file protein.cif (mmCIF, C-alpha atoms)
data_work
#
loop_
_atom_site.group_PDB
_atom_site.id
_atom_site.type_symbol
_atom_site.label_atom_id
_atom_site.label_comp_id
_atom_site.auth_asym_id
_atom_site.auth_seq_id
_atom_site.Cartn_x
_atom_site.Cartn_y
_atom_site.Cartn_z
ATOM 1 C CA TRP A 30 -9.981 -65.208 -24.236
ATOM 2 C CA LEU A 31 -9.447 -62.999 -21.189
ATOM 3 C CA SER A 32 -6.597 -61.139 -22.832
ATOM 4 C CA GLY A 33 -8.905 -59.921 -25.635
ATOM 5 C CA ASP A 34 -6.873 -61.667 -28.325
ATOM 6 C CA ARG A 35 -8.723 -63.509 -31.086
ATOM 7 C CA GLY A 36 -6.762 -66.658 -30.643
ATOM 8 C CA PRO A 37 -3.598 -68.082 -29.235
ATOM 9 C CA LYS A 38 -0.453 -66.995 -31.012
ATOM 10 C CA SER A 39 2.957 -68.296 -30.379
ATOM 11 C CA GLY A 40 4.964 -66.034 -28.091
ATOM 12 C CA ASN A 41 1.983 -63.694 -27.622
ATOM 13 C CA ARG A 42 -0.008 -65.370 -24.860
ATOM 14 C CA ARG A 43 -1.021 -62.900 -22.105
ATOM 15 C CA SER A 44 -2.019 -63.957 -18.621
ATOM 16 C CA PRO A 45 -5.433 -63.100 -17.112
ATOM 17 C CA THR A 46 -3.592 -61.226 -14.376
ATOM 18 C CA SER A 47 -1.876 -58.910 -16.841
ATOM 19 C CA ALA A 48 -5.186 -58.264 -18.614
ATOM 20 C CA ARG A 49 -6.870 -57.244 -15.373
ATOM 21 C CA SER A 50 -3.908 -54.953 -14.616
ATOM 22 C CA ARG A 51 -4.244 -53.271 -18.000
ATOM 23 C CA ARG A 52 -7.988 -52.741 -17.542
ATOM 24 C CA ALA A 53 -7.434 -51.294 -14.054
ATOM 25 C CA SER A 54 -4.744 -49.030 -15.457
ATOM 26 C CA ARG A 55 -7.081 -47.772 -18.205
ATOM 27 C CA ALA A 56 -9.866 -47.136 -15.683
ATOM 28 C CA ALA A 57 -7.693 -45.231 -13.215
ATOM 29 C CA PRO A 58 -7.765 -41.425 -13.605
ATOM 30 C CA ARG A 59 -4.621 -39.948 -15.050
ATOM 31 C CA ALA A 60 -2.851 -36.941 -13.594
ATOM 32 C CA PRO A 61 -2.857 -33.962 -15.937
ATOM 33 C CA PRO A 62 0.400 -33.446 -17.797
ATOM 34 C CA THR A 63 2.869 -31.125 -16.151
ATOM 35 C CA ARG A 64 3.540 -27.956 -18.136
ATOM 36 C CA ALA A 65 6.237 -25.400 -17.764
ATOM 37 C CA MET A 66 4.225 -22.263 -17.098
ATOM 38 C CA ALA A 67 5.676 -18.780 -17.352
ATOM 39 C CA SER A 68 5.320 -17.164 -13.958
ATOM 40 C CA SER A 69 2.850 -14.283 -13.925
ATOM 41 C CA GLN A 70 2.991 -13.813 -10.156
ATOM 42 C CA PRO A 71 4.338 -10.577 -8.697
ATOM 43 C CA GLN A 72 7.574 -10.724 -6.764
ATOM 44 C CA THR A 73 5.590 -10.784 -3.540
ATOM 45 C CA SER A 74 1.856 -11.230 -3.302
ATOM 46 C CA PRO A 75 0.440 -10.895 0.191
ATOM 47 C CA LYS A 76 -3.312 -10.575 0.425
ATOM 48 C CA THR A 77 -3.513 -6.787 0.602
ATOM 49 C CA VAL A 78 -0.575 -5.596 -1.514
ATOM 50 C CA GLU A 79 0.881 -6.446 -4.905
ATOM 51 C CA LEU A 80 4.511 -5.755 -5.749
ATOM 52 C CA THR A 81 5.579 -5.737 -9.385
ATOM 53 C CA ARG A 82 8.564 -4.304 -11.220
ATOM 54 C CA GLU A 83 8.709 -2.088 -14.299
ATOM 55 C CA ARG A 84 12.410 -2.420 -15.200
ATOM 56 C CA ASP A 85 14.134 -0.225 -12.611
ATOM 57 C CA VAL A 86 10.944 0.831 -10.787
ATOM 58 C CA PHE A 87 9.039 -1.225 -8.242
ATOM 59 C CA VAL A 88 5.284 -0.599 -8.148
ATOM 60 C CA LEU A 89 3.561 -1.383 -4.855
ATOM 61 C CA THR A 90 -0.198 -1.505 -5.414
ATOM 62 C CA LEU A 91 -2.230 -1.230 -2.220
ATOM 63 C CA LEU A 92 -5.244 -3.554 -2.221
ATOM 64 C CA GLY A 93 -6.474 -3.378 1.365
ATOM 65 C CA THR A 94 -10.065 -2.999 2.578
ATOM 66 C CA PRO A 95 -11.881 -3.784 -0.707
ATOM 67 C CA ASP A 96 -15.444 -2.500 -1.024
ATOM 68 C CA GLY A 97 -16.573 -5.103 -3.569
ATOM 69 C CA ALA A 98 -16.878 -2.518 -6.356
ATOM 70 C CA GLY A 99 -13.256 -2.465 -7.479
ATOM 71 C CA ASN A 100 -12.146 0.122 -4.921
ATOM 72 C CA PHE A 101 -9.703 -0.348 -2.056
ATOM 73 C CA GLU A 102 -9.940 1.953 0.953
ATOM 74 C CA ASN A 103 -6.547 0.769 2.228
ATOM 75 C CA ARG A 104 -7.311 1.419 5.869
ATOM 76 C CA PHE A 105 -4.223 0.836 7.978
ATOM 77 C CA ASN A 106 -4.481 -2.051 10.443
ATOM 78 C CA PRO A 107 -1.780 -4.414 11.752
ATOM 79 C CA THR A 108 -2.118 -6.926 8.897
ATOM 80 C CA PHE A 109 -1.993 -4.243 6.204
ATOM 81 C CA ILE A 110 1.032 -2.565 7.805
ATOM 82 C CA GLU A 111 2.851 -5.889 8.113
ATOM 83 C CA GLU A 112 2.293 -6.747 4.456
ATOM 84 C CA ILE A 113 3.490 -3.315 3.316
ATOM 85 C CA ASN A 114 6.635 -3.841 5.378
ATOM 86 C CA LEU A 115 7.200 -7.250 3.780
ATOM 87 C CA ALA A 116 7.020 -5.653 0.338
ATOM 88 C CA LEU A 117 9.387 -2.890 1.429
ATOM 89 C CA ASP A 118 11.848 -5.588 2.521
ATOM 90 C CA VAL A 119 11.953 -6.849 -1.062
ATOM 91 C CA VAL A 120 12.523 -3.371 -2.487
ATOM 92 C CA GLU A 121 15.195 -2.550 0.081
ATOM 93 C CA ALA A 122 17.110 -5.725 -0.796
ATOM 94 C CA ALA A 123 17.250 -4.843 -4.505
ATOM 95 C CA PRO A 124 20.487 -3.603 -6.084
ATOM 96 C CA VAL A 125 21.188 0.131 -6.216
ATOM 97 C CA GLY A 126 19.427 1.889 -9.073
ATOM 98 C CA ALA A 127 15.773 1.122 -8.328
ATOM 99 C CA ALA A 128 12.900 3.386 -7.269
ATOM 100 C CA LEU A 129 9.519 2.706 -5.645
ATOM 101 C CA ILE A 130 6.013 3.872 -6.581
ATOM 102 C CA THR A 131 2.998 3.232 -4.357
ATOM 103 C CA THR A 132 -0.515 3.469 -5.761
ATOM 104 C CA SER A 133 -3.909 1.756 -5.642
ATOM 105 C CA ARG A 134 -6.923 1.035 -7.841
ATOM 106 C CA GLY A 135 -10.335 2.619 -7.980
ATOM 107 C CA LYS A 136 -11.360 5.834 -6.264
ATOM 108 C CA PHE A 137 -9.122 5.622 -3.172
ATOM 109 C CA TYR A 138 -5.410 5.904 -2.610
ATOM 110 C CA GLY A 139 -6.141 5.409 1.070
ATOM 111 C CA ASN A 140 -8.678 6.238 3.746
ATOM 112 C CA GLY A 141 -6.668 6.461 6.954
ATOM 113 C CA LEU A 142 -6.523 4.195 9.957
ATOM 114 C CA ASP A 143 -8.907 1.272 10.238
ATOM 115 C CA LEU A 144 -11.282 2.834 12.768
ATOM 116 C CA LYS A 145 -13.533 -0.214 12.753
ATOM 117 C CA TRP A 146 -10.624 -2.364 13.884
ATOM 118 C CA LEU A 147 -9.420 0.369 16.221
ATOM 119 C CA PHE A 148 -12.632 0.988 18.149
ATOM 120 C CA GLU A 149 -14.829 -2.024 17.547
ATOM 121 C CA GLY A 150 -12.485 -4.872 18.359
ATOM 122 C CA GLY A 151 -14.365 -5.649 21.550
ATOM 123 C CA GLY A 152 -12.865 -6.651 24.869
ATOM 124 C CA ALA A 153 -12.131 -4.709 28.026
ATOM 125 C CA GLU A 154 -11.131 -1.066 27.915
ATOM 126 C CA ASP A 155 -7.550 -1.883 28.899
ATOM 127 C CA ALA A 156 -7.293 -4.333 26.011
ATOM 128 C CA ALA A 157 -8.800 -1.785 23.615
ATOM 129 C CA ALA A 158 -6.301 0.836 24.755
ATOM 130 C CA GLN A 159 -3.438 -1.588 24.193
ATOM 131 C CA ARG A 160 -4.758 -2.353 20.717
ATOM 132 C CA ARG A 161 -4.922 1.359 19.850
ATOM 133 C CA ALA A 162 -1.422 1.929 21.234
ATOM 134 C CA ALA A 163 -0.037 -0.985 19.198
ATOM 135 C CA LEU A 164 -1.635 0.279 15.977
ATOM 136 C CA MET A 165 -0.388 3.832 16.437
ATOM 137 C CA HIS A 166 3.086 2.507 17.275
ATOM 138 C CA ASP A 167 3.222 0.294 14.158
ATOM 139 C CA PHE A 168 1.784 2.994 11.891
ATOM 140 C CA GLN A 169 4.257 5.621 13.067
ATOM 141 C CA HIS A 170 7.155 3.210 12.617
ATOM 142 C CA LEU A 171 5.959 2.560 9.049
ATOM 143 C CA LEU A 172 6.002 6.314 8.411
ATOM 144 C CA ALA A 173 9.465 6.546 9.952
ATOM 145 C CA ARG A 174 10.636 3.840 7.576
ATOM 146 C CA MET A 175 9.104 5.542 4.534
ATOM 147 C CA ILE A 176 10.417 9.030 5.245
ATOM 148 C CA GLN A 177 14.015 7.738 5.371
ATOM 149 C CA PHE A 178 13.645 4.837 2.925
ATOM 150 C CA PRO A 179 16.970 4.171 1.147
ATOM 151 C CA VAL A 180 15.300 4.112 -2.275
ATOM 152 C CA PRO A 181 13.625 7.081 -4.061
ATOM 153 C CA THR A 182 9.876 6.918 -3.421
ATOM 154 C CA LEU A 183 6.834 8.348 -5.185
ATOM 155 C CA ALA A 184 3.152 8.215 -4.266
ATOM 156 C CA ALA A 185 0.908 7.983 -7.345
ATOM 157 C CA ILE A 186 -2.317 9.218 -5.762
ATOM 158 C CA ASN A 187 -5.121 7.709 -7.811
ATOM 159 C CA GLY A 188 -8.054 9.002 -5.758
ATOM 160 C CA HIS A 189 -9.114 10.104 -2.285
ATOM 161 C CA CYS A 190 -6.149 10.399 0.056
ATOM 162 C CA PHE A 191 -7.465 10.990 3.554
ATOM 163 C CA ALA A 192 -6.031 11.115 7.068
ATOM 164 C CA GLY A 193 -3.356 8.443 7.642
ATOM 165 C CA ALA A 194 -3.058 7.826 3.899
ATOM 166 C CA LEU A 195 -2.064 11.463 3.373
ATOM 167 C CA PHE A 196 0.629 11.157 6.064
ATOM 168 C CA PHE A 197 1.836 8.007 4.299
ATOM 169 C CA ALA A 198 1.959 9.875 0.965
ATOM 170 C CA LEU A 199 3.766 12.845 2.531
ATOM 171 C CA CYS A 200 6.505 10.501 3.734
ATOM 172 C CA HIS A 201 7.367 9.752 0.091
ATOM 173 C CA ASP A 202 9.968 11.826 -1.753
ATOM 174 C CA HIS A 203 7.589 12.758 -4.571
ATOM 175 C CA ARG A 204 3.845 12.807 -5.151
ATOM 176 C CA VAL A 205 1.760 12.806 -8.331
ATOM 177 C CA MET A 206 -2.030 13.139 -8.027
ATOM 178 C CA ARG A 207 -4.802 12.632 -10.520
ATOM 179 C CA THR A 208 -7.072 15.517 -11.460
ATOM 180 C CA GLY A 209 -10.849 15.471 -11.832
ATOM 181 C CA LYS A 210 -11.710 13.173 -8.918
ATOM 182 C CA GLY A 211 -10.352 12.672 -5.436
ATOM 183 C CA PHE A 212 -9.258 14.918 -2.590
ATOM 184 C CA ALA A 213 -6.290 15.011 -0.243
ATOM 185 C CA CYS A 214 -7.320 15.878 3.291
ATOM 186 C CA MET A 215 -6.209 15.591 6.909
ATOM 187 C CA ASN A 216 -9.678 15.089 8.316
ATOM 188 C CA GLU A 217 -8.636 14.194 11.868
ATOM 189 C CA ILE A 218 -10.162 17.472 13.066
ATOM 190 C CA HIS A 219 -13.494 16.313 11.640
ATOM 191 C CA ILE A 220 -13.456 13.000 13.505
ATOM 192 C CA ASP A 221 -12.144 14.398 16.808
ATOM 193 C CA MET A 222 -8.821 12.577 16.640
ATOM 194 C CA PRO A 223 -5.610 14.349 17.764
ATOM 195 C CA LEU A 224 -2.473 13.996 15.666
ATOM 196 C CA GLY A 225 0.133 13.649 18.390
ATOM 197 C CA GLU A 226 3.850 14.309 18.261
ATOM 198 C CA GLY A 227 4.740 11.919 15.459
ATOM 199 C CA LEU A 228 2.111 12.907 12.891
ATOM 200 C CA ASN A 229 2.518 16.613 13.625
ATOM 201 C CA SER A 230 6.239 16.211 12.997
ATOM 202 C CA VAL A 231 5.484 14.881 9.492
ATOM 203 C CA VAL A 232 3.421 17.985 8.721
ATOM 204 C CA VAL A 233 6.240 20.260 9.910
ATOM 205 C CA ALA A 234 8.900 18.309 7.973
ATOM 206 C CA LYS A 235 7.005 17.992 4.701
ATOM 207 C CA VAL A 236 4.814 21.126 4.490
ATOM 208 C CA ALA A 237 6.963 24.259 4.430
ATOM 209 C CA ASP A 238 4.279 26.941 4.487
ATOM 210 C CA ALA A 239 2.881 27.629 7.981
ATOM 211 C CA ASN A 240 -0.483 28.831 6.668
ATOM 212 C CA LEU A 241 -0.824 25.690 4.578
ATOM 213 C CA ARG A 242 -0.020 23.549 7.626
ATOM 214 C CA ARG A 243 -2.701 25.433 9.555
ATOM 215 C CA ASP A 244 -5.315 24.936 6.849
ATOM 216 C CA MET A 245 -4.526 21.240 6.534
ATOM 217 C CA ALA A 246 -4.231 20.255 10.200
ATOM 218 C CA CYS A 247 -6.489 22.750 11.998
ATOM 219 C CA HIS A 248 -9.183 23.265 9.368
ATOM 220 C CA GLY A 249 -9.121 19.896 7.611
ATOM 221 C CA ARG A 250 -9.211 21.618 4.241
ATOM 222 C CA ARG A 251 -9.556 19.400 1.193
ATOM 223 C CA TYR A 252 -7.344 19.693 -1.868
ATOM 224 C CA SER A 253 -8.145 18.474 -5.344
ATOM 225 C CA GLY A 254 -5.263 17.409 -7.519
ATOM 226 C CA GLU A 255 -5.096 20.854 -9.106
ATOM 227 C CA ALA A 256 -5.237 22.628 -5.728
ATOM 228 C CA ALA A 257 -2.656 20.265 -4.231
ATOM 229 C CA GLU A 258 -0.235 21.057 -7.054
ATOM 230 C CA ALA A 259 -0.806 24.807 -6.642
ATOM 231 C CA ALA A 260 -0.183 24.499 -2.884
ATOM 232 C CA GLY A 261 2.986 22.449 -3.392
ATOM 233 C CA LEU A 262 1.635 19.291 -1.750
ATOM 234 C CA VAL A 263 2.257 17.267 -4.920
ATOM 235 C CA ASP A 264 4.854 17.604 -7.673
ATOM 236 C CA ARG A 265 2.386 17.084 -10.510
ATOM 237 C CA ALA A 266 -1.370 16.888 -11.041
ATOM 238 C CA VAL A 267 -2.316 14.981 -14.195
ATOM 239 C CA GLU A 268 -5.294 13.283 -15.789
ATOM 240 C CA VAL A 269 -5.854 9.745 -14.570
ATOM 241 C CA GLY A 270 -4.585 8.222 -17.828
ATOM 242 C CA ALA A 271 -1.263 9.997 -17.391
ATOM 243 C CA LEU A 272 -0.866 9.178 -13.689
ATOM 244 C CA MET A 273 1.336 6.098 -14.030
ATOM 245 C CA PRO A 274 3.315 7.251 -17.107
ATOM 246 C CA GLU A 275 4.163 10.527 -15.356
ATOM 247 C CA SER A 276 4.975 8.720 -12.109
ATOM 248 C CA LEU A 277 7.224 6.226 -13.889
ATOM 249 C CA TRP A 278 9.023 9.039 -15.735
ATOM 250 C CA ILE A 279 9.771 10.899 -12.485
ATOM 251 C CA ALA A 280 10.779 7.698 -10.666
ATOM 252 C CA ARG A 281 13.170 6.677 -13.435
ATOM 253 C CA SER A 282 14.665 10.147 -13.588
ATOM 254 C CA VAL A 283 15.762 9.894 -9.943
ATOM 255 C CA ALA A 284 16.384 6.143 -9.688
ATOM 256 C CA ALA A 285 20.011 6.156 -10.836
ATOM 257 C CA ILE A 286 21.189 9.424 -9.269
ATOM 258 C CA ARG A 287 22.549 7.843 -6.102
ATOM 259 C CA LYS A 288 25.585 5.611 -5.842
ATOM 260 C CA SER A 289 24.638 4.084 -2.510
ATOM 261 C CA ASN A 290 21.402 3.266 -0.713
ATOM 262 C CA THR A 291 23.236 3.737 2.573
ATOM 263 C CA VAL A 292 24.133 7.340 1.776
ATOM 264 C CA LEU A 293 20.592 8.157 0.595
ATOM 265 C CA HIS A 294 19.211 6.727 3.838
ATOM 266 C CA ALA A 295 21.659 8.804 5.894
ATOM 267 C CA ILE A 296 20.797 12.009 4.029
ATOM 268 C CA LYS A 297 17.060 11.483 4.509
ATOM 269 C CA ARG A 298 17.480 10.643 8.172
ATOM 270 C CA GLU A 299 19.425 13.842 8.760
ATOM 271 C CA LEU A 300 17.106 15.924 6.581
ATOM 272 C CA TYR A 301 13.994 14.783 8.470
ATOM 273 C CA GLN A 302 15.680 14.052 11.792
ATOM 274 C CA GLY A 303 12.983 15.622 13.964
ATOM 275 C CA ALA A 304 10.199 13.667 12.279
ATOM 276 C CA VAL A 305 12.158 10.404 12.268
ATOM 277 C CA GLU A 306 12.897 10.608 15.976
ATOM 278 C CA ALA A 307 9.333 11.583 16.895
ATOM 279 C CA LEU A 308 7.867 8.779 14.780
ATOM 280 C CA GLU A 309 10.292 6.211 16.139
ATOM 281 C CA ARG A 310 9.316 7.140 19.683
ATOM 282 C CA GLY A 311 5.822 6.081 18.614
ATOM 283 C CA LEU A 312 4.059 8.006 21.358
ATOM 284 C CA VAL A 313 0.302 7.586 21.321
ATOM 285 C CA PRO A 314 -1.735 10.821 21.481
ATOM 286 C CA ALA A 315 -4.543 11.121 23.996
ATOM 287 C CA MET A 316 -7.350 9.465 22.078
ATOM 288 C CA PRO A 317 -11.122 9.546 22.548
ATOM 289 C CA THR A 318 -12.794 6.394 23.797
ATOM 290 C CA GLY A 319 -14.751 6.011 20.577
ATOM 291 C CA PRO A 320 -15.168 7.550 17.118
ATOM 292 C CA GLY A 321 -16.170 11.183 16.929
ATOM 293 C CA PRO A 322 -19.126 12.529 14.931
ATOM 294 C CA ARG A 323 -19.893 10.712 11.712
ATOM 295 C CA VAL A 324 -17.912 12.218 8.863
ATOM 296 C CA ALA A 325 -19.916 13.719 6.033
ATOM 297 C CA PRO A 326 -19.671 11.894 2.681
ATOM 298 C CA TYR A 327 -16.866 12.875 0.358
ATOM 299 C CA GLY A 328 -17.750 16.068 -1.431
ATOM 300 C CA LYS A 329 -19.766 17.263 1.587
ATOM 301 C CA THR A 330 -16.998 17.394 4.189
ATOM 302 C CA PRO A 331 -17.246 20.762 5.998
ATOM 303 C CA ARG A 332 -14.806 23.337 4.729
ATOM 304 C CA ALA A 333 -13.444 26.311 6.626
ATOM 305 C CA ARG A 334 -14.376 29.590 4.995
ATOM 306 C CA LEU A 335 -11.911 32.293 5.889
#
call {"tool": "encode", "arguments": {"input": "protein.cif", "output": "structure tokens"}}
result
Amino acid sequence: WLSGDRGPKSGNRRSPTSARSRRASRAAPRAPPTRAMASSQPQTSPKTVELTRERDVFVLTLLGTPDGAGNFENRFNPTFIEEINLALDVVEAAPVGAALITTSRGKFYGNGLDLKWLFEGGGAEDAAAQRRAALMHDFQHLLARMIQFPVPTLAAINGHCFAGALFFALCHDHRVMRTGKGFACMNEIHIDMPLGEGLNSVVVAKVADANLRRDMACHGRRYSGEAAEAAGLVDRAVEVGALMPESLWIARSVAAIRKSNTVLHAIKRELYQGAVEALERGLVPAMPTGPGPRVAPYGKTPRARL
């Protein structure tokens, strides 16, 4: 019997067609059952940043320019800047009472502008100049946004913080840096790259001591976490295991002080008015046609001896 029954039974006869349908149904692959999964995704997850929230504190982890060994150089290029801005949009839209921490993983907090993208993009010189102008414009506007951001900000500097990354960190309200490994350095003097109006204005706005500004900008002096704390560049220097707990404690202590994001934004804009206006102009400094001398490896960068 095609139905597979042992014999005819009254009221239980099955047609050959229905038997074939059942066999076809058994042979067909079944879709896996749908499960209600708890979401483990961050609130926004572009390719080069990760935004999560620790109660009243947003944590923006920078994951740009990976080196394949668990480190992220976070070199600023148009894609990286755009994705940071998208994450900042989320933070800015949050209710009053939040704060923002930026950090990274591995041995870098950030390693400046993406010079490979900047100088090796190919094309005619006019096109290359336009590309450099666009990057400097976008980067300076990002700094302008950070320095007057309507939410308290803190840079948790987990490792080397060089060039553009140090300007980015300076545009935060607070900075905490790990001890033991990693240096903060404006190494533009070492790679023959001028700062221009906008970046110089950040140094003037955020570094009070004129001799310290000189050592940073004109000599490219490096600062360990301990030296950065002594110089007043960072609020705290702590062991790496205490970096995030200390950063979260500071961020939470200032998160609820304000009553209005609008007022905080206005105060910051007035406080750093010169820097904001210079950065928003986005003027591009006279730049060399290619990278300067190769920079010595970290730990061997030339130091001024005075």
call {"tool": "closest_residue", "arguments": {"input": "protein.cif", "among": "A:Val267, A:His219, A:Thr77, A:Asn106", "to": "Arg250 in chain A", "atoms": "only C-alpha atoms"}}
result
A:His219
call {"tool": "resolve_selection", "arguments": {"input": "protein.cif", "expression": "the PyMOL selection byres ((chain A and resi 194) around 10)", "output": "list in words"}}
result
Glu102, Asn103, Arg104, Phe105, Phe137, Tyr138, Gly139, Asn140, Gly141, Leu142, Ile186, His189, Cys190, Phe191, Ala192, Gly193, Leu195, Phe196, Phe197, Ala198, Leu199, Cys200, Ala213, Cys214 and Met215 of chain A
call {"tool": "write_last_selection", "arguments": {"input": "protein.cif", "atoms": "C-alpha atoms", "output": "short mmCIF file (atom, residue, chain, number, x, y, z; two decimals), in the frame of the given file"}}
result
data_model
loop_
_atom_site.label_atom_id
_atom_site.label_comp_id
_atom_site.auth_asym_id
_atom_site.auth_seq_id
_atom_site.Cartn_x
_atom_site.Cartn_y
_atom_site.Cartn_z
CA GLU A 102 -9.94 1.95 0.95
CA ASN A 103 -6.55 0.77 2.23
CA ARG A 104 -7.31 1.42 5.87
CA PHE A 105 -4.22 0.84 7.98
CA PHE A 137 -9.12 5.62 -3.17
CA TYR A 138 -5.41 5.90 -2.61
CA GLY A 139 -6.14 5.41 1.07
CA ASN A 140 -8.68 6.24 3.75
CA GLY A 141 -6.67 6.46 6.95
CA LEU A 142 -6.52 4.20 9.96
CA ILE A 186 -2.32 9.22 -5.76
CA HIS A 189 -9.11 10.10 -2.28
CA CYS A 190 -6.15 10.40 0.06
CA PHE A 191 -7.46 10.99 3.55
CA ALA A 192 -6.03 11.12 7.07
CA GLY A 193 -3.36 8.44 7.64
CA LEU A 195 -2.06 11.46 3.37
CA PHE A 196 0.63 11.16 6.06
CA PHE A 197 1.84 8.01 4.30
CA ALA A 198 1.96 9.88 0.96
CA LEU A 199 3.77 12.84 2.53
CA CYS A 200 6.50 10.50 3.73
CA ALA A 213 -6.29 15.01 -0.24
CA CYS A 214 -7.32 15.88 3.29
CA MET A 215 -6.21 15.59 6.91
#
call {"tool": "atom_distance", "arguments": {"input": "protein.cif", "atom1": "CA of Phe212 in chain A", "atom2": "CA of Ala185 in chain A"}}
result
13.2 Å
call {"tool": "residues_around", "arguments": {"input": "protein.cif", "residues": "Pro314 in chain A", "least_positions_apart": "6", "cutoff": "7 Å", "atoms": "all atoms listed in the file", "output": "MDAnalysis selection string"}}
result
chainID A and resid 223:225
call {"tool": "resolve_selection", "arguments": {"input": "protein.cif", "expression": "the PyMOL selection byres ((chain A and resi 112) around 12)", "output": "mmCIF file with C-alpha atoms, in the coordinates of the input"}}
result
data_model
loop_
_atom_site.group_PDB
_atom_site.id
_atom_site.type_symbol
_atom_site.label_atom_id
_atom_site.label_comp_id
_atom_site.auth_asym_id
_atom_site.auth_seq_id
_atom_site.Cartn_x
_atom_site.Cartn_y
_atom_site.Cartn_z
ATOM 1 C CA THR A 73 5.590 -10.784 -3.540
ATOM 2 C CA SER A 74 1.856 -11.230 -3.302
ATOM 3 C CA PRO A 75 0.440 -10.895 0.191
ATOM 4 C CA LYS A 76 -3.312 -10.575 0.425
ATOM 5 C CA THR A 77 -3.513 -6.787 0.602
ATOM 6 C CA VAL A 78 -0.575 -5.596 -1.514
ATOM 7 C CA GLU A 79 0.881 -6.446 -4.905
ATOM 8 C CA LEU A 80 4.511 -5.755 -5.749
ATOM 9 C CA LEU A 89 3.561 -1.383 -4.855
ATOM 10 C CA THR A 90 -0.198 -1.505 -5.414
ATOM 11 C CA LEU A 91 -2.230 -1.230 -2.220
ATOM 12 C CA LEU A 92 -5.244 -3.554 -2.221
ATOM 13 C CA GLY A 93 -6.474 -3.378 1.365
ATOM 14 C CA ASN A 103 -6.547 0.769 2.228
ATOM 15 C CA PHE A 105 -4.223 0.836 7.978
ATOM 16 C CA ASN A 106 -4.481 -2.051 10.443
ATOM 17 C CA PRO A 107 -1.780 -4.414 11.752
ATOM 18 C CA THR A 108 -2.118 -6.926 8.897
ATOM 19 C CA PHE A 109 -1.993 -4.243 6.204
ATOM 20 C CA ILE A 110 1.032 -2.565 7.805
ATOM 21 C CA GLU A 111 2.851 -5.889 8.113
ATOM 22 C CA ILE A 113 3.490 -3.315 3.316
ATOM 23 C CA ASN A 114 6.635 -3.841 5.378
ATOM 24 C CA LEU A 115 7.200 -7.250 3.780
ATOM 25 C CA ALA A 116 7.020 -5.653 0.338
ATOM 26 C CA LEU A 117 9.387 -2.890 1.429
ATOM 27 C CA ASP A 118 11.848 -5.588 2.521
ATOM 28 C CA VAL A 119 11.953 -6.849 -1.062
ATOM 29 C CA LEU A 171 5.959 2.560 9.049
#
call {"tool": "atom_distance", "arguments": {"input": "protein.cif", "atom1": "CA of Arg161 in chain A", "atom2": "CA of Gly135 in chain A"}}
result
28.4 Å
call {"tool": "resolve_selection", "arguments": {"input": "protein.cif", "expression": "the PyMOL selection byres ((chain A and resi 169) around 8)", "output": "list of chain:residue names"}}
result
A:Met165, A:His166, A:Asp167, A:Phe168, A:His170, A:Leu171, A:Leu172, A:Ala173, A:Gly227, A:Leu228, A:Leu308, A:Glu309, A:Gly311
call {"tool": "atom_distance", "arguments": {"input": "protein.cif", "atom1": "CA of Gly211 in chain A", "atom2": "CA of Lys136 in chain A"}}
result
7.0 Å
call {"tool": "closest_residue", "arguments": {"input": "protein.cif", "among": "A:Thr132, A:Asn187, A:Ser289, A:Asn100", "to": "Thr208 in chain A", "atoms": "only C-alpha atoms"}}
result
A:Asn187
call {"tool": "closest_residue", "arguments": {"input": "protein.cif", "among": "A:Asp155, A:Val233, A:Gly188, A:Ala280", "to": "Asp202 in chain A", "atoms": "only C-alpha atoms"}}
result
A:Ala280
call {"tool": "closest_residue", "arguments": {"input": "protein.cif", "among": "A:Gln159, A:Leu183, A:Ala98, A:Gln177", "to": "Ala284 in chain A", "atoms": "only C-alpha atoms"}}
result
A:Leu183
call {"tool": "closest_residue", "arguments": {"input": "protein.cif", "among": "A:Arg84, A:Ala157, A:Ile220, A:Pro179", "to": "Thr291 in chain A", "atoms": "all atoms listed in the file"}}
result
A:Pro179
